[in-house]
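Shown here: model.txt, compact mmCIF, C-alpha atoms and all ligand atoms.
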# COMPACT_ATOMS: atom_id res chain seq x y z
CA MET V 2 -60.78 31.19 -32.15
CA ASN V 3 -60.25 33.64 -29.30
CA ASP V 4 -58.04 36.71 -29.40
CA ILE V 5 -54.93 36.21 -27.36
CA ILE V 6 -52.41 38.61 -25.88
CA LEU V 7 -48.74 38.33 -26.78
CA LEU V 8 -46.27 39.95 -24.42
CA LYS V 9 -42.66 40.44 -25.44
CA LEU V 10 -40.20 40.22 -22.62
CA GLY V 11 -37.90 43.15 -22.07
CA GLU V 12 -34.48 43.20 -20.50
CA ILE V 13 -34.82 39.79 -18.98
CA VAL V 14 -34.15 38.26 -22.36
CA LEU V 15 -30.80 40.02 -22.46
CA LYS V 16 -29.87 38.97 -18.97
CA GLY V 17 -29.08 35.41 -19.97
CA LEU V 18 -28.09 34.39 -16.47
CA ASN V 19 -31.39 33.72 -14.76
CA ARG V 20 -33.71 33.94 -17.64
CA ARG V 21 -35.93 31.04 -16.72
CA SER V 22 -36.46 32.22 -13.16
CA PHE V 23 -37.26 35.71 -14.47
CA GLU V 24 -39.81 34.25 -16.85
CA LEU V 25 -41.40 32.28 -14.02
CA LYS V 26 -41.58 35.41 -11.84
CA LEU V 27 -43.15 37.36 -14.66
CA MET V 28 -45.73 34.67 -15.40
CA GLY V 29 -46.57 34.40 -11.71
CA ASN V 30 -47.06 38.18 -11.53
CA ILE V 31 -49.29 38.19 -14.62
CA ARG V 32 -51.37 35.26 -13.34
CA ARG V 33 -51.95 36.91 -9.98
CA ARG V 34 -52.98 40.22 -11.53
CA LEU V 35 -55.34 38.49 -13.96
CA GLU V 36 -57.10 36.60 -11.21
CA ARG V 37 -59.07 39.78 -10.53
CA VAL V 38 -60.23 39.91 -14.14
CA GLY V 39 -61.20 36.34 -15.05
CA LYS V 40 -59.91 32.93 -16.07
CA PHE V 41 -56.81 33.03 -18.24
CA LYS V 42 -54.04 30.67 -19.17
CA VAL V 43 -50.54 32.17 -19.07
CA TYR V 44 -47.55 30.44 -20.61
CA CYS V 45 -44.21 31.33 -22.11
CA MET V 46 -42.48 30.18 -25.27
CA GLN V 47 -39.56 31.64 -27.18
CA SER V 48 -39.34 34.81 -25.07
CA THR V 49 -43.00 35.61 -25.54
CA VAL V 50 -45.65 35.24 -22.88
CA TYR V 51 -49.10 34.20 -24.09
CA VAL V 52 -52.31 35.08 -22.33
CA GLU V 53 -55.31 33.07 -23.47
CA ALA V 54 -58.89 33.26 -22.24
CA LEU V 55 -60.07 29.95 -20.79
CA THR V 56 -63.73 30.56 -21.63
CA ASP V 57 -65.58 32.59 -24.25
CA ASN V 58 -66.85 35.00 -21.61
CA GLU V 59 -63.59 36.52 -20.45
CA ASP V 60 -62.99 40.25 -20.79
CA ILE V 61 -59.90 40.38 -22.99
CA ASP V 62 -59.92 44.21 -23.04
CA ALA V 63 -59.64 44.30 -19.26
CA ALA V 64 -56.91 41.66 -19.35
CA PHE V 65 -55.00 43.76 -21.87
CA GLU V 66 -55.19 46.83 -19.61
CA VAL V 67 -53.86 44.77 -16.69
CA CYS V 68 -50.99 43.40 -18.79
CA LYS V 69 -49.96 46.91 -19.87
CA LYS V 70 -48.92 47.63 -16.30
CA VAL V 71 -46.88 44.52 -15.61
CA PHE V 72 -43.15 45.22 -15.33
CA GLY V 73 -40.81 43.09 -17.42
CA VAL V 74 -42.86 43.47 -20.61
CA ILE V 75 -41.39 45.62 -23.38
CA SER V 76 -44.34 45.53 -25.76
CA LEU V 77 -47.65 43.79 -26.06
CA THR V 78 -50.32 43.22 -28.59
CA ARG V 79 -53.61 41.49 -29.08
CA ALA V 80 -53.48 38.85 -31.73
CA ALA V 81 -55.85 36.45 -33.45
CA ALA V 82 -54.91 32.82 -33.98
CA CYS V 83 -55.53 30.46 -36.89
CA GLU V 84 -54.29 27.24 -38.44
CA LYS V 85 -50.81 27.21 -39.84
CA ASN V 86 -51.50 27.41 -43.57
CA LYS V 87 -51.12 30.40 -45.85
CA GLU V 88 -54.78 30.63 -46.96
CA ALA V 89 -56.04 30.61 -43.38
CA ILE V 90 -53.48 33.24 -42.39
CA ALA V 91 -54.38 35.57 -45.28
CA LYS V 92 -58.11 35.15 -44.61
CA LEU V 93 -57.63 35.96 -40.94
CA ALA V 94 -55.46 39.01 -41.73
CA ILE V 95 -58.12 40.35 -44.10
CA GLU V 96 -60.92 39.94 -41.53
CA TYR V 97 -59.10 40.74 -38.30
CA LEU V 98 -57.28 43.84 -39.50
CA LYS V 99 -60.26 45.34 -41.35
CA ASP V 100 -60.32 48.57 -39.32
CA ASP V 101 -56.55 49.04 -39.46
CA MET V 102 -56.38 48.34 -43.20
CA GLU V 103 -59.27 50.64 -44.03
CA SER V 104 -57.68 53.54 -42.21
CA THR V 105 -54.11 53.27 -43.49
CA LYS V 106 -52.58 54.60 -46.70
CA SER V 107 -49.67 52.18 -46.79
CA PHE V 108 -48.67 48.92 -45.14
CA LYS V 109 -46.20 46.10 -45.15
CA VAL V 110 -46.29 42.56 -43.82
CA GLU V 111 -43.59 41.25 -41.54
CA SER V 112 -43.50 37.54 -40.85
CA LYS V 113 -41.63 35.53 -38.29
CA ARG V 114 -41.39 31.83 -38.44
CA SER V 115 -40.26 30.07 -35.35
CA ASP V 116 -41.79 26.82 -36.61
CA LYS V 117 -39.08 25.87 -39.06
CA ALA V 118 -41.25 23.09 -40.51
CA PHE V 119 -43.58 25.66 -42.06
CA PRO V 120 -43.27 25.19 -45.83
CA MET V 121 -42.71 28.87 -46.81
CA THR V 122 -39.92 31.26 -45.84
CA SER V 123 -40.83 34.41 -43.91
CA ILE V 124 -40.36 36.50 -47.05
CA GLN V 125 -42.57 34.25 -49.15
CA LEU V 126 -45.29 34.33 -46.53
CA SER V 127 -45.10 38.13 -46.24
CA GLN V 128 -45.35 38.49 -50.00
CA TYR V 129 -48.29 36.14 -50.23
CA VAL V 130 -50.29 37.75 -47.40
CA GLY V 131 -49.29 41.25 -48.58
CA GLY V 132 -50.67 40.44 -52.03
CA GLU V 133 -53.96 39.14 -50.62
CA LEU V 134 -54.34 42.18 -48.37
CA ALA V 135 -53.56 44.60 -51.22
CA GLU V 136 -56.23 42.92 -53.31
CA ALA V 137 -58.81 43.05 -50.52
CA TYR V 138 -58.06 46.70 -49.69
CA PRO V 139 -57.31 48.44 -53.01
CA ASP V 140 -57.18 51.91 -51.41
CA THR V 141 -53.93 51.17 -49.61
CA VAL V 142 -50.52 50.40 -51.08
CA VAL V 143 -47.58 48.27 -50.03
CA ASP V 144 -44.63 50.33 -48.81
CA VAL V 145 -41.81 48.26 -47.38
CA HIS V 146 -39.69 51.27 -46.35
CA GLU V 147 -41.97 53.62 -44.44
CA PRO V 148 -45.34 51.97 -44.03
CA GLU V 149 -48.00 53.56 -41.86
CA LEU V 150 -49.07 50.12 -40.70
CA THR V 151 -47.05 46.98 -40.16
CA VAL V 152 -48.99 43.74 -40.17
CA HIS V 153 -47.26 41.09 -38.11
CA ILE V 154 -47.56 37.38 -38.70
CA GLU V 155 -45.99 34.87 -36.40
CA VAL V 156 -45.94 31.20 -37.20
CA ARG V 157 -45.32 29.48 -33.90
CA ASP V 158 -45.49 25.98 -32.50
CA LEU V 159 -49.21 25.74 -31.87
CA ALA V 160 -50.75 28.17 -34.32
CA ALA V 161 -50.18 31.18 -36.53
CA TYR V 162 -50.96 34.64 -35.17
CA VAL V 163 -51.88 37.87 -36.87
CA HIS V 164 -51.58 41.26 -35.24
CA ALA V 165 -50.98 44.93 -35.96
CA THR V 166 -48.38 47.21 -34.33
CA PRO V 167 -47.66 46.34 -30.67
CA VAL V 168 -48.04 49.01 -27.99
CA PRO V 169 -45.27 49.72 -25.49
CA GLY V 170 -45.39 47.73 -22.26
CA ALA V 171 -44.50 48.95 -18.78
CA GLY V 172 -40.81 48.08 -19.29
CA GLY V 173 -38.49 47.34 -16.40
CA MET V 174 -38.03 43.96 -14.77
CA PRO V 175 -40.53 41.57 -13.14
CA VAL V 176 -41.38 42.55 -9.58
CA GLY V 177 -39.54 40.32 -7.15
CA CYS V 178 -36.56 39.41 -9.32
CA ASN V 179 -34.33 42.05 -7.69
CA GLY V 180 -35.19 41.53 -4.06
CA VAL V 181 -37.16 43.53 -1.50
CA ALA V 182 -36.90 47.14 -0.22
CA VAL V 183 -38.96 49.38 2.03
CA THR V 184 -40.34 52.58 0.51
CA LEU V 185 -41.25 55.71 2.46
CA LEU V 186 -44.68 56.70 1.25
CA SER V 187 -46.08 60.09 2.24
CA GLY V 188 -49.22 61.53 0.72
CA GLY V 189 -47.22 63.84 -1.55
CA ILE V 190 -46.53 63.82 -5.28
CA ASP V 191 -43.00 62.48 -5.13
CA SER V 192 -42.93 59.30 -3.10
CA PRO V 193 -45.54 57.38 -5.16
CA VAL V 194 -43.34 58.12 -8.19
CA SER V 195 -40.14 56.96 -6.46
CA THR V 196 -41.99 53.80 -5.38
CA TYR V 197 -43.07 53.17 -8.96
CA MET V 198 -39.54 53.69 -10.28
CA ILE V 199 -37.80 51.28 -7.95
CA CYS V 200 -40.56 48.72 -8.37
CA ARG V 201 -39.99 48.96 -12.12
CA ARG V 202 -36.45 47.74 -11.51
CA GLY V 203 -37.90 44.46 -10.25
CA VAL V 204 -37.92 45.23 -6.52
CA ARG V 205 -40.82 44.13 -4.32
CA LEU V 206 -41.71 46.98 -1.99
CA ILE V 207 -43.03 47.39 1.50
CA PRO V 208 -44.51 50.88 1.95
CA ILE V 209 -43.97 52.63 5.28
CA HIS V 210 -46.10 55.57 6.34
CA PHE V 211 -45.45 57.73 9.39
CA PHE V 212 -48.74 58.81 10.83
CA SER V 213 -49.15 61.62 13.35
CA PHE V 214 -52.74 61.40 14.47
CA PRO V 215 -54.44 63.73 15.42
CA TYR V 216 -52.05 66.30 13.91
CA THR V 217 -52.66 64.55 10.63
CA SER V 218 -56.17 63.27 10.04
CA GLN V 219 -57.68 59.90 9.20
CA GLN V 220 -58.18 61.26 5.66
CA ALA V 221 -54.44 61.78 5.33
CA LYS V 222 -53.94 58.10 6.11
CA ASP V 223 -56.75 57.05 3.76
CA LYS V 224 -55.05 59.03 1.03
CA VAL V 225 -51.82 57.09 1.49
CA VAL V 226 -53.73 53.80 1.40
CA GLU V 227 -55.41 54.94 -1.81
CA LEU V 228 -52.05 55.87 -3.36
CA ALA V 229 -50.64 52.47 -2.44
CA ASP V 230 -53.73 50.84 -3.91
CA ILE V 231 -53.23 52.68 -7.22
CA LEU V 232 -49.61 51.53 -7.23
CA THR V 233 -50.59 47.87 -6.83
CA ALA V 234 -51.52 47.82 -10.52
CA TYR V 235 -47.75 47.98 -11.06
CA CYS V 236 -46.28 46.69 -7.80
CA GLY V 237 -48.73 43.89 -6.98
CA LYS V 238 -50.09 43.24 -3.51
CA MET V 239 -48.41 45.29 -0.77
CA THR V 240 -48.71 45.58 2.99
CA ILE V 241 -48.34 49.13 4.27
CA GLU V 242 -46.68 49.54 7.63
CA VAL V 243 -48.38 52.50 9.30
CA VAL V 244 -46.07 53.73 12.06
CA PRO V 245 -47.51 55.85 14.90
CA PHE V 246 -45.34 58.97 14.88
CA THR V 247 -47.16 61.38 17.18
CA HIS V 248 -45.22 60.72 20.35
CA ILE V 249 -41.89 61.07 18.58
CA GLN V 250 -42.93 64.38 17.04
CA GLU V 251 -44.15 65.71 20.37
CA GLU V 252 -40.91 64.70 22.05
CA ILE V 253 -38.92 66.44 19.33
CA ARG V 254 -41.06 69.56 19.76
CA ASP V 255 -40.55 69.53 23.54
CA LYS V 256 -36.90 68.55 23.78
CA CYS V 257 -35.04 69.73 20.69
CA PRO V 258 -34.07 73.11 19.21
CA GLU V 259 -36.63 74.14 16.62
CA GLU V 260 -34.25 74.64 13.70
CA TYR V 261 -33.45 70.89 13.80
CA PHE V 262 -37.04 69.57 14.02
CA THR V 263 -37.31 68.30 10.46
CA LEU V 264 -33.87 66.73 10.40
CA ILE V 265 -34.36 64.90 13.66
CA MET V 266 -37.76 63.70 12.55
CA ARG V 267 -36.25 62.35 9.35
CA ARG V 268 -33.52 60.55 11.30
CA PHE V 269 -36.26 58.80 13.28
CA MET V 270 -37.95 57.80 10.03
CA MET V 271 -34.70 56.24 8.85
CA ARG V 272 -34.02 54.35 12.07
CA ILE V 273 -37.52 52.90 12.13
CA SER V 274 -37.39 52.08 8.42
CA GLN V 275 -34.15 50.21 8.93
CA ARG V 276 -35.76 48.09 11.68
CA ILE V 277 -38.75 47.30 9.49
CA ALA V 278 -36.42 46.44 6.62
CA GLU V 279 -34.41 44.06 8.79
CA ALA V 280 -37.55 42.33 10.01
CA ASN V 281 -38.70 41.75 6.42
CA GLY V 282 -35.50 40.87 4.59
CA ALA V 283 -35.51 44.23 2.78
CA LYS V 284 -32.12 45.45 1.60
CA ALA V 285 -32.66 49.17 0.89
CA ILE V 286 -34.74 52.21 1.81
CA VAL V 287 -36.47 54.12 -1.00
CA THR V 288 -37.40 57.81 -0.61
CA GLY V 289 -38.80 60.52 -2.88
CA GLU V 290 -36.10 63.06 -2.13
CA ASN V 291 -35.14 65.54 -4.81
CA LEU V 292 -32.01 67.63 -4.56
CA GLY V 293 -32.65 71.19 -3.45
CA GLN V 294 -36.45 70.90 -3.36
CA VAL V 295 -36.88 71.68 0.34
CA ALA V 296 -34.60 72.48 3.29
CA SER V 297 -34.20 68.81 4.25
CA GLN V 298 -33.05 67.92 0.74
CA THR V 299 -29.64 69.55 0.67
CA MET V 300 -26.62 67.28 0.53
CA GLU V 301 -25.71 68.17 4.11
CA ALA V 302 -29.23 67.43 5.35
CA MET V 303 -29.34 64.12 3.52
CA ALA V 304 -25.96 63.14 4.94
CA SER V 305 -27.21 63.68 8.48
CA THR V 306 -30.45 61.80 7.72
CA GLN V 307 -28.67 58.84 6.18
CA ALA V 308 -26.03 58.64 8.89
CA VAL V 309 -28.39 56.61 11.10
CA THR V 310 -28.81 53.73 8.65
CA ASP V 311 -26.33 51.45 6.97
CA LEU V 312 -28.76 50.34 4.28
CA PRO V 313 -28.48 51.95 0.85
CA VAL V 314 -30.96 54.82 0.50
CA LEU V 315 -32.36 54.80 -3.03
CA GLN V 316 -33.58 58.18 -4.26
CA PRO V 317 -34.69 57.70 -7.85
CA LEU V 318 -36.02 61.26 -8.19
CA ILE V 319 -32.87 62.95 -6.97
CA GLY V 320 -31.94 64.61 -10.26
CA MET V 321 -35.35 65.11 -11.84
CA ASP V 322 -37.18 68.37 -12.44
CA LYS V 323 -40.54 68.84 -10.78
CA GLU V 324 -42.33 68.85 -14.15
CA GLU V 325 -40.83 65.49 -15.01
CA ILE V 326 -41.99 64.06 -11.70
CA VAL V 327 -45.48 65.48 -12.20
CA ARG V 328 -45.64 64.06 -15.70
CA LEU V 329 -44.80 60.61 -14.36
CA ALA V 330 -47.27 60.98 -11.50
CA ARG V 331 -50.00 61.73 -14.03
CA LYS V 332 -48.96 58.81 -16.22
CA ILE V 333 -49.11 56.28 -13.40
CA GLY V 334 -52.36 57.75 -12.09
CA THR V 335 -51.30 58.97 -8.64
CA PHE V 336 -51.22 62.73 -9.26
CA GLU V 337 -54.91 63.50 -8.70
CA THR V 338 -54.87 61.70 -5.36
CA SER V 339 -51.55 63.24 -4.31
CA ILE V 340 -52.86 66.78 -4.68
CA LEU V 341 -55.87 66.22 -2.42
CA PRO V 342 -55.42 68.74 0.38
CA TYR V 343 -54.58 66.70 3.45
CA GLU V 344 -51.71 67.58 5.72
CA ASP V 345 -48.49 65.58 5.96
CA CYS V 346 -46.62 64.92 9.18
CA CYS V 347 -43.61 66.84 7.83
CA THR V 348 -45.59 70.05 7.80
CA VAL V 349 -46.99 69.74 11.33
CA PHE V 350 -44.00 71.06 13.25
CA THR V 351 -42.12 72.82 10.48
CA PRO V 352 -39.42 75.09 11.84
CA LYS V 353 -39.59 78.72 10.77
CA HIS V 354 -35.87 78.74 10.03
CA PRO V 355 -34.71 75.18 9.34
CA ARG V 356 -31.02 74.39 9.24
CA THR V 357 -30.16 73.68 5.62
CA LYS V 358 -26.46 72.86 6.06
CA PRO V 359 -26.31 71.03 9.38
CA LYS V 360 -23.17 69.42 10.74
CA LEU V 361 -23.76 65.86 11.91
CA SER V 362 -22.33 66.64 15.35
CA GLU V 363 -24.82 69.51 15.77
CA VAL V 364 -27.76 67.31 14.90
CA GLU V 365 -26.57 64.60 17.27
CA ALA V 366 -26.25 67.15 20.07
CA ALA V 367 -29.70 68.56 19.27
CA GLU V 368 -31.40 65.18 19.73
CA SER V 369 -29.41 64.08 22.77
CA ALA V 370 -32.12 64.91 25.32
CA MET V 371 -34.41 62.18 24.01
CA ASP V 372 -34.47 58.46 24.74
CA ILE V 373 -34.17 57.53 21.08
CA GLU V 374 -34.11 53.76 21.49
CA ALA V 375 -37.26 53.71 23.66
CA LEU V 376 -39.12 55.94 21.20
CA VAL V 377 -38.14 53.74 18.25
CA GLU V 378 -39.24 50.60 20.12
CA GLU V 379 -42.56 52.15 21.08
CA ALA V 380 -43.29 53.23 17.49
CA ILE V 381 -42.46 49.78 16.14
CA ALA V 382 -44.65 48.09 18.72
CA GLY V 383 -47.59 50.24 17.58
CA ILE V 384 -47.38 49.52 13.83
CA GLU V 385 -50.66 48.91 12.04
CA ARG V 386 -50.52 46.81 8.84
CA ILE V 387 -52.86 47.43 5.91
CA THR V 388 -52.81 45.17 2.88
CA VAL V 389 -53.78 46.51 -0.54
CA GLY V 390 -54.07 44.83 -3.94
CA ALA V 391 -54.21 41.19 -4.92
P1 LIG V 401 -43.42 63.75 -1.14
O1 LIG V 401 -44.08 64.48 -2.23
O2 LIG V 401 -43.13 62.34 -1.49
O3 LIG V 401 -44.12 63.91 0.19
P2 LIG V 401 -41.66 65.91 -0.53
O4 LIG V 401 -41.03 66.58 -1.68
O5 LIG V 401 -42.84 66.51 0.11
O6 LIG V 401 -41.97 64.42 -0.94
P3 LIG V 401 -40.46 65.57 2.06
O7 LIG V 401 -41.77 65.86 2.69
O8 LIG V 401 -39.24 66.28 2.54
O9 LIG V 401 -40.47 65.75 0.51
O10 LIG V 401 -40.17 64.05 2.17
C1 LIG V 401 -39.09 63.44 1.51
C2 LIG V 401 -39.36 61.96 1.45
O11 LIG V 401 -39.49 61.42 2.79
C3 LIG V 401 -40.68 61.62 0.80
O12 LIG V 401 -40.58 61.57 -0.60
C4 LIG V 401 -41.00 60.28 1.41
O13 LIG V 401 -40.25 59.26 0.77
C5 LIG V 401 -40.50 60.44 2.83
N1 LIG V 401 -41.60 60.89 3.72
C6 LIG V 401 -41.94 62.14 4.07
N2 LIG V 401 -43.00 62.15 4.91
C7 LIG V 401 -43.35 60.87 5.11
C8 LIG V 401 -44.37 60.19 5.86
N3 LIG V 401 -45.25 60.84 6.61
N4 LIG V 401 -44.40 58.85 5.81
C9 LIG V 401 -43.52 58.17 5.07
N5 LIG V 401 -42.56 58.73 4.34
C10 LIG V 401 -42.45 60.06 4.35
MG MG V 402 -43.92 65.51 1.71
Any chance you could give the structure as structure tokens?
Ligand code: ATP
Ligand code: MG
Amino acid sequence: MNDIILLKLGEIVLKGLNRRSFELKLMGNIRRRLERVGKFKVYCMQSTVYVEALTDNEDIDAAFEVCKKVFGVISLTRAAACEKNKEAIAKLAIEYLKDDMESTKSFKVESKRSDKAFPMTSIQLSQYVGGELAEAYPDTVVDVHEPELTVHIEVRDLAAYVHATPVPGAGGMPVGCNGVAVTLLSGGIDSPVSTYMICRRGVRLIPIHFFSFPYTSQQAKDKVVELADILTAYCGKMTIEVVPFTHIQEEIRDKCPEEYFTLIMRRFMMRISQRIAEANGAKAIVTGENLGQVASQTMEAMASTQAVTDLPVLQPLIGMDKEEIVRLARKIGTFETSILPYEDCCTVFTPKHPRTKPKLSEVEAAESAMDIEALVEEAIAGIERITVGA
């Protein structure tokens, strides 16, 4: 019999309300991600999702790696299946867990029995299999209080399963079960992490990148596409909206006082993001802002930036330390790409002395020489869409 993967659902089990629709979302997400890897059957019973290979040639290791990154899963494990009788279960445990048993000093067996017709209680089954394992591996002892290894047995509807300790899953909620938002994706360290964090809360995301060619190069854009592609392992397929930003930046440079450049630029980003959100049914704007990190990330600056949108602006990194953000960036695999040395549009026309505590009325006066509506329309008309992931 083939190894299978068992995925335990996280929070969605607790949510009671829409559990079935959450399960369906999660299974759909897993199926789509696994299509890249091979042919697998995905089904759900008793708050556990099962992933089974449909042929003997499927790469179960690769499938396991994919499943580790699917949001909505609290823990996962590979497991071997056998018939539902105690001798078959003990035999399978002895063979399948050989490496684990040979390298542990102590163990215990934990059984779960969701098939209530099974003739032994969970405790009886644990004792029986524990005895057989202890006999087969005399160098290890049973320790029910603090075992190094816990052997899990699950007697379910179709078969019995044996597995060792599960590994943590990606957590969060299935992508799509909490609606859609746009996410502002620069090539920096922060915004891929903020994208990841909101996606983990079950939100499907539409990345927006503001591109100032030729002030920022083709490589800077490629870098953003690569970051988005890395994120698809968590977020699923995404279509990046690449917004031409050069004309707006030149207008700001020519018509506005220098100390307000960054703020005015960020207000344009928000206005355009709001339009894209409206066109796509997105209900929030995600950014990678972090309190106090740069001049545009003071409370006053953020107030003037957010004044041009009535959508909620989600800033999941707002209270984190840089080291925490970097640690997450490394964990999700975006850090190495983020630190590649290509310029970002924010740094092209950086004022020497930016206003850090602007009054909204000052900012509004500073941008009044521009035809804001026409510039926003022009940028939106020039959007290029790039799809990443499957
Ligand atoms: P990051 O590391 O994400 O670039 P940062 O600390 O450099 O963030 P800023 O450059 O001030 O901060 O940008 C704040 C946020 O604005 C970013 O996290 C991102 O969400 C958004 N942003 C900045 N530049 C762009 C861009 N060119 N395209 C899309 N979004 C951007
Ligand atoms: Mg940046």
* To do: Name the closest residue to V:Glu149 among the candidates V:Gln128, V:Ser104, V:Ser339, V:Thr233; distances are taken between atoms, counting all atoms listed in the file.
  => V:Ser104
* One-decimal distance in Å that lies between atom N1 of ligand LIG 401 (chain V) and atom CA of V:Arg268 ->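 Atom-to-atom, atom CA of V:Arg268 to atom N1 of ligand LIG 401 (chain V), that is 11.1 Å.
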* To do: Please return, as JSON, numbers by chain, all polymer residues that have at least one atom within 10 Å of the point (-54.6, 59.3, -4.8); use all atoms listed in the file and the file's own coordinate frame.
  => {"V": [188, 189, 190, 193, 223, 224, 225, 226, 227, 228, 229, 230, 231, 232, 334, 335, 336, 337, 338, 339, 340, 341]}
Keeping C-alpha atoms, export the residues of the selection given above as a PDB file, in the coordinates of the input.
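Dumped everything to again_18.pdb:
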ATOM      1  CA  GLY V 188     -49.220  61.530   0.720  1.00  0.00           C
ATOM      2  CA  GLY V 189     -47.220  63.840  -1.550  1.00  0.00           C
ATOM      3  CA  ILE V 190     -46.530  63.820  -5.280  1.00  0.00           C
ATOM      4  CA  PRO V 193     -45.540  57.380  -5.160  1.00  0.00           C
ATOM      5  CA  ASP V 223     -56.750  57.050   3.760  1.00  0.00           C
ATOM      6  CA  LYS V 224     -55.050  59.030   1.030  1.00  0.00           C
ATOM      7  CA  VAL V 225     -51.820  57.090   1.490  1.00  0.00           C
ATOM      8  CA  VAL V 226     -53.730  53.800   1.400  1.00  0.00           C
ATOM      9  CA  GLU V 227     -55.410  54.940  -1.810  1.00  0.00           C
ATOM     10  CA  LEU V 228     -52.050  55.870  -3.360  1.00  0.00           C
ATOM     11  CA  ALA V 229     -50.640  52.470  -2.440  1.00  0.00           C
ATOM     12  CA  ASP V 230     -53.730  50.840  -3.910  1.00  0.00           C
ATOM     13  CA  ILE V 231     -53.230  52.680  -7.220  1.00  0.00           C
ATOM     14  CA  LEU V 232     -49.610  51.530  -7.230  1.00  0.00           C
ATOM     15  CA  GLY V 334     -52.360  57.750 -12.090  1.00  0.00           C
ATOM     16  CA  THR V 335     -51.300  58.970  -8.640  1.00  0.00           C
ATOM     17  CA  PHE V 336     -51.220  62.730  -9.260  1.00  0.00           C
ATOM     18  CA  GLU V 337     -54.910  63.500  -8.700  1.00  0.00           C
ATOM     19  CA  THR V 338     -54.870  61.700  -5.360  1.00  0.00           C
ATOM     20  CA  SER V 339     -51.550  63.240  -4.310  1.00  0.00           C
ATOM     21  CA  ILE V 340     -52.860  66.780  -4.680  1.00  0.00           C
ATOM     22  CA  LEU V 341     -55.870  66.220  -2.420  1.00  0.00           C
TER      23      LEU V 341
END
* Please identify all polymer residues within 8 Å of V:Ile326, counting only C-alpha atoms, omitting same-chain residues fewer than 5 positions from it, and present them as a ChimeraX atom specification. => /V:190-191,194,318,321
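When atom CA of V:Ala118 is paired with atom CA of V:Glu84, their separation reads 13.8 Å.
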* For V:Cys45, work out the shell of residues within 10 Å, counting all atoms listed in the file and skipping chain neighbours fewer than 2 positions away, then give it as an MDAnalysis selection string. => chainID V and resid 7:10 21 24:25 27:28 43 47:52
* To do: Select, from V:Glu36, V:Cys83, V:Val143, V:Phe269, the residue with the minimum atom-to-atom distance to V:Glu378, counting only C-alpha atoms.
  => V:Phe269
* **Spatial neighbours of stretch 203-216 of chain V, 7 Å, only C-alpha atoms, chain gap at least 2 places, as a ChimeraX atom specification** => /V:173-187,199-201,218,236,239-247,346,349
* When distances are computed from all atoms listed in the file, which of V:Arg356, V:Arg33, V:Arg114, V:Arg386 shows the smallest separation from V:Tyr235? ->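 The shortest atom-to-atom distance to V:Tyr235 comes from V:Arg33.
The coordinates place atom CA of V:Phe72 at 25.7 Å from atom C7 of ligand LIG 401 (chain V).
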* Asked: Which residues, written as an NGL selection string, have at least one atom at most 9 Å from V:Asp101, with all atoms listed in the file counted and residues fewer than 3 positions away on the same chain left out?
  -> :V and (97-98 or 104-105 or 150 or 165)
Return the padded bounding box of ligand LIG 401 (chain V) as AutoDock Vina command-line options: axis-aligned, built from all atoms listed in the file, 4 Å added on each side, with centre and edge lengths in Å to one decimal.
--center_x -42.2 --center_y 62.4 --center_z 2.2 --size_x 14.2 --size_y 16.4 --size_z 16.8
* Of the residues V:Ile6, V:Ala221, V:Met300, V:Leu126, which is the one nearest to ligand MG 402 (chain V), using only C-alpha atoms and all ligand atoms? -> V:Ala221
* **Polymer residues at most 12 Å from V:Ala302, all atoms listed in the file, same-chain spacing of 3 or more positions, as number ranges by chain** => V: 261-268, 290-299, 305-308, 355-361, 363-364
Suppose we keep C-alpha atoms; can you now write the selection as a short mmCIF file (atom, residue, chain, number, x, y, z; two decimals), in the coordinates of the input?
data_model
loop_
_atom_site.label_atom_id
_atom_site.label_comp_id
_atom_site.auth_asym_id
_atom_site.auth_seq_id
_atom_site.Cartn_x
_atom_site.Cartn_y
_atom_site.Cartn_z
CA TYR V 261 -33.45 70.89 13.80
CA PHE V 262 -37.04 69.57 14.02
CA THR V 263 -37.31 68.30 10.46
CA LEU V 264 -33.87 66.73 10.40
CA ILE V 265 -34.36 64.90 13.66
CA MET V 266 -37.76 63.70 12.55
CA ARG V 267 -36.25 62.35 9.35
CA ARG V 268 -33.52 60.55 11.30
CA GLU V 290 -36.10 63.06 -2.13
CA ASN V 291 -35.14 65.54 -4.81
CA LEU V 292 -32.01 67.63 -4.56
CA GLY V 293 -32.65 71.19 -3.45
CA GLN V 294 -36.45 70.90 -3.36
CA VAL V 295 -36.88 71.68 0.34
CA ALA V 296 -34.60 72.48 3.29
CA SER V 297 -34.20 68.81 4.25
CA GLN V 298 -33.05 67.92 0.74
CA THR V 299 -29.64 69.55 0.67
CA SER V 305 -27.21 63.68 8.48
CA THR V 306 -30.45 61.80 7.72
CA GLN V 307 -28.67 58.84 6.18
CA ALA V 308 -26.03 58.64 8.89
CA PRO V 355 -34.71 75.18 9.34
CA ARG V 356 -31.02 74.39 9.24
CA THR V 357 -30.16 73.68 5.62
CA LYS V 358 -26.46 72.86 6.06
CA PRO V 359 -26.31 71.03 9.38
CA LYS V 360 -23.17 69.42 10.74
CA LEU V 361 -23.76 65.86 11.91
CA GLU V 363 -24.82 69.51 15.77
CA VAL V 364 -27.76 67.31 14.90
#
* **Sphere at (-25.2, 46.5, 8.6), radius 12 Å, counting all atoms listed in the file: residues as a PyMOL selection string** => chain V and resi 275-276+278-279+284-285+309-313
* To do: Determine the nearest neighbour of ligand LIG 401 (chain V) from the options V:Arg328, V:Phe350, V:Ser192, V:Ile319, counting all atoms listed in the file.
  => V:Ser192
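Restricting the calculation to only C-alpha atoms and all ligand atoms, the smallest distance between ligand LIG 401 (chain V) and any of V:Glu344, V:Glu325, V:Glu147, V:Glu155 is found for V:Glu344.
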